[in-house]
Amino acid sequence: MDLSLADRVTESKGWRDGIRCPRCLSSIRDAGRQPFCSSPACSYYKAGFPVVNGQPVLIDFATSIFDRAMYQGDSGSVLHRDVSRRSLGSRLHRLAFGKNPVAVANCRKFLDLLKKNSDRPLVLVIGGGAIGSGTEQLYGDPSIELIGTDVYASPHTVLVADAHRLPFEDGMFDGVWIQAVLEHVLEPETMVAQIHRVMRSSGLVYAETPFMQQVHERAYDFSRFTRSGHRWLFRRFTEISSGPVGGPGVALIWSIRYFSRALGAGDKLSRLISLPFFWIRFFDAFARGRATSDAASGFFFLGRRADQAIDPHSMPSYYDRQQ
Ligand SMILES: [Zn+2]
């Protein structure tokens with residue numbers, strides 16, 4: 001399946017008019033070829049922004065973990081990226097850990113709710129350099145206008161951004177999809193505040209974030225969340241649904257892999273070593289209740305933008321109510 005986002009994006013809604021300077025939120029001049037901030041008071045008025053693979057790199061380098069020098073050529077990626085997810089490592093990963101058990105159903109729900117809000121929903125994908133597992137419906141639905149972003153350029157992105165400072169005007173998106181990203185960022189709270197900012201009133205967010213998973217993507221891995229911690233992160237959203245993405249069985253296979261890795265197996269051999277334990281994840285079908293969330297591999301959260309944050313006093317009962 002060829003899912004080139006650049007081909008999918010139309011100009012009909014004029015979403016490019018909503019592109020903003022990541023530092024000062026002024027408009028961007030000539031975003032396609034030689035992007036500059038339009039405000040003379042901003043340092044990016046003169047310095048401008050790089051372009052990689054024809055995509056503007058709208059990052060405020062003064063506050064980002066990423067440097068301008070990283071975007072001199074090629075895609076701007078600091079890591080090897082398997083954007084097609086067809087490498088040997090990606091295949092071994094799927095054999096050991098299985099497919100995402102919830103994303104397909106959650107994606108369908110996300111799309112159904114989006115279409116109730118708008119005839120042609122505009123959806124921002126953060127971390128969309130590689131297509132997320134279980135998101136084929138999102139990418140295959142012609143009624144959705146997708147804006148893919150990541151910290152590097154790929155065939156599935158239209159611009160490069162650091163989501164700590166999203167280069168978009170307020171309230172322009174009907175939905176935001178952020179899958180397996182929030183563990184890789186310095187300030188998840190800042191990023192969720194940005195998601196809230198660029199989303200229209202009653203817009204929808206879908207997030208998947210790891211809990212019991214070891215460090216991946218090397219230097220670019222910073223946080224994990226319990227189910228309650230993930231709920232609190234999205235406290236200015238009303239919860240529609242949430243739950244584990246991969247249960248304790250999946251988490252245990254992760255642990256076996258990283259146990260062997262710590263003893264010297266390395267990235268590839270540790271994948272092979274964990275492979276014979278694939279069957280452990282089938283026990284996740286029998287896992288129940290809070291004890292499952294206490295040991296899950298990760299969590300999803302589907303929510304609707306709200307004006308007020310939830311009450312901190314509600315958090316203990318949020319934990320106690322888990323089924
Ligand atoms: Zn600016």
# chains A, B, ... in the order shown; residues from 1 in each chain; ligands from 1

$ residues_around --residues "Leu186 of chain A" --least-positions-apart "5" --cutoff "10 Å" --atoms "only C-alpha atoms" --output "ChimeraX atom specification"
/A:64-65,164,191,220-223

$ residues_around --residues "Gly229 of chain A" --least-positions-apart "3" --cutoff "12 Å" --atoms "only C-alpha atoms" --output "list of chain:residue names"
A:Pro188, A:Glu189, A:Thr209, A:Pro210, A:Phe211, A:Ser223, A:Arg224, A:Phe225, A:Thr226, A:Trp232, A:Leu233, A:Phe234, A:Arg235, A:Ser293, A:Asp294, A:Gly298, A:Phe299, A:Phe300, A:Phe301, A:Pro312, A:Met315, A:Pro316, A:Tyr318, A:Tyr319

$ residues_near_ligand --ligand "ligand 1" --cutoff "7 Å" --atoms "only C-alpha atoms and all ligand atoms" --output "list in words"
Cys21, Pro22, Arg23, Cys24, Leu25, Ser26, Cys37, Ser38, Ser39, Cys42, Ser43, Tyr44 and Tyr45 of chain A

$ write_last_selection --atoms "N, CA and C atoms" --output "mmCIF file, in the first residue's frame"
data_model
loop_
_atom_site.group_PDB
_atom_site.id
_atom_site.type_symbol
_atom_site.label_atom_id
_atom_site.label_comp_id
_atom_site.auth_asym_id
_atom_site.auth_seq_id
_atom_site.Cartn_x
_atom_site.Cartn_y
_atom_site.Cartn_z
ATOM 1 N N CYS A 21 5.054 30.621 12.429
ATOM 2 C CA CYS A 21 6.413 30.551 12.968
ATOM 3 C C CYS A 21 6.368 29.824 14.319
ATOM 4 N N PRO A 22 7.223 28.823 14.530
ATOM 5 C CA PRO A 22 7.188 28.095 15.798
ATOM 6 C C PRO A 22 7.626 28.942 16.990
ATOM 7 N N ARG A 23 8.325 30.044 16.721
ATOM 8 C CA ARG A 23 8.769 30.889 17.837
ATOM 9 C C ARG A 23 7.732 31.942 18.209
ATOM 10 N N CYS A 24 7.199 32.659 17.213
ATOM 11 C CA CYS A 24 6.362 33.820 17.546
ATOM 12 C C CYS A 24 4.934 33.710 17.012
ATOM 13 N N LEU A 25 4.632 32.634 16.284
ATOM 14 C CA LEU A 25 3.297 32.388 15.718
ATOM 15 C C LEU A 25 2.870 33.425 14.672
ATOM 16 N N SER A 26 3.843 34.180 14.136
ATOM 17 C CA SER A 26 3.532 35.022 12.977
ATOM 18 C C SER A 26 3.436 34.131 11.742
ATOM 19 N N CYS A 37 10.111 33.790 8.797
ATOM 20 C CA CYS A 37 9.054 34.382 9.620
ATOM 21 C C CYS A 37 8.735 35.772 9.055
ATOM 22 N N SER A 38 7.467 36.162 9.082
ATOM 23 C CA SER A 38 7.073 37.450 8.500
ATOM 24 C C SER A 38 7.221 38.615 9.480
ATOM 25 N N SER A 39 7.554 38.313 10.736
ATOM 26 C CA SER A 39 7.678 39.390 11.727
ATOM 27 C C SER A 39 9.120 39.885 11.832
ATOM 28 N N CYS A 42 11.223 39.017 14.929
ATOM 29 C CA CYS A 42 11.574 37.618 15.229
ATOM 30 C C CYS A 42 12.921 37.263 14.596
ATOM 31 N N SER A 43 13.721 36.448 15.307
ATOM 32 C CA SER A 43 15.040 36.092 14.774
ATOM 33 C C SER A 43 14.937 35.258 13.495
ATOM 34 N N TYR A 44 13.806 34.609 13.280
ATOM 35 C CA TYR A 44 13.643 33.809 12.062
ATOM 36 C C TYR A 44 13.188 34.642 10.858
ATOM 37 N N TYR A 45 13.073 35.962 11.085
ATOM 38 C CA TYR A 45 12.786 36.877 9.970
ATOM 39 C C TYR A 45 14.005 36.933 9.047
#

$ residues_around --residues "segment 91-108 of chain A" --least-positions-apart "5" --cutoff "6 Å" --atoms "only C-alpha atoms" --output "PyMOL selection string"
chain A and resi 134+275+278

$ select_by_dssp --residues "segment 84-263 of chain A" --states "strand (DSSP E or B)" --output "ChimeraX atom specification"
/A:122-126,145-150,159-161,168,173-179,199-210,237-244

$ select_by_dssp --residues "segment 30-163 of chain A" --states "helix (DSSP H, G or I)" --output "PyMOL selection string"
chain A and resi 44-47+68-71+88-97+103-117+136-140+163

$ atom_distance --atom1 "atom CA of Ser118 of chain A" --atom2 "atom CA of His156 of chain A"
23.2 Å

$ closest_residue --among "A:Ile19, A:Ala163, A:Ala31, A:Val250" --to "Gln213 of chain A" --atoms "only C-alpha atoms"
A:Val250

$ closest_atom_pairs --of "segment 181-230 of chain A" --to "segment 258-266 of chain A" --cutoff "12 Å" --atoms "only C-alpha atoms" --output "Markdown table"
| residue | atom | partner | partner_atom | distance |
| --- | --- | --- | --- | --- |
| A:Met212 | CA | A:Tyr258 | CA | 11.7 |
| A:Gln213 | CA | A:Tyr258 | CA | 9.3 |
| A:Gln214 | CA | A:Tyr258 | CA | 7.0 |
| A:Val215 | CA | A:Tyr258 | CA | 8.9 |
| A:His216 | CA | A:Tyr258 | CA | 10.2 |

$ residues_around --residues "Ile240 of chain A" --least-positions-apart "2" --cutoff "12 Å" --atoms "only C-alpha atoms" --output "list of chain:residue names"
A:Asn106, A:Lys109, A:Phe110, A:Leu113, A:Ser202, A:Gly203, A:Leu204, A:Val205, A:Tyr206, A:Arg231, A:Phe234, A:Phe237, A:Thr238, A:Ser242, A:Gly243, A:Phe300, A:Phe301, A:Leu302, A:Gly303, A:Arg304, A:Arg305, A:Ala306

$ closest_residue --among "A:Gln308, A:Gln322, A:Ser255, A:Gln137" --to "Arg288 of chain A" --atoms "only C-alpha atoms"
A:Gln322

$ atom_distance --atom1 "atom CA of Ala295 of chain A" --atom2 "atom CA of Leu269 of chain A"
25.4 Å

$ atom_distance --atom1 "atom CA of Phe173 of chain A" --atom2 "atom CA of Leu122 of chain A"
5.3 Å

$ closest_residue --among "A:Pro167, A:Pro121, A:Pro276, A:Gly32" --to "Ile59 of chain A" --atoms "only C-alpha atoms"
A:Pro167

$ residues_around --residues "Ala161 of chain A" --least-positions-apart "6" --cutoff "12 Å" --atoms "only C-alpha atoms" --output "ChimeraX atom specification"
/A:19-23,49-52,55-61,64-66,71,76,124-129,147-153,167-168,191
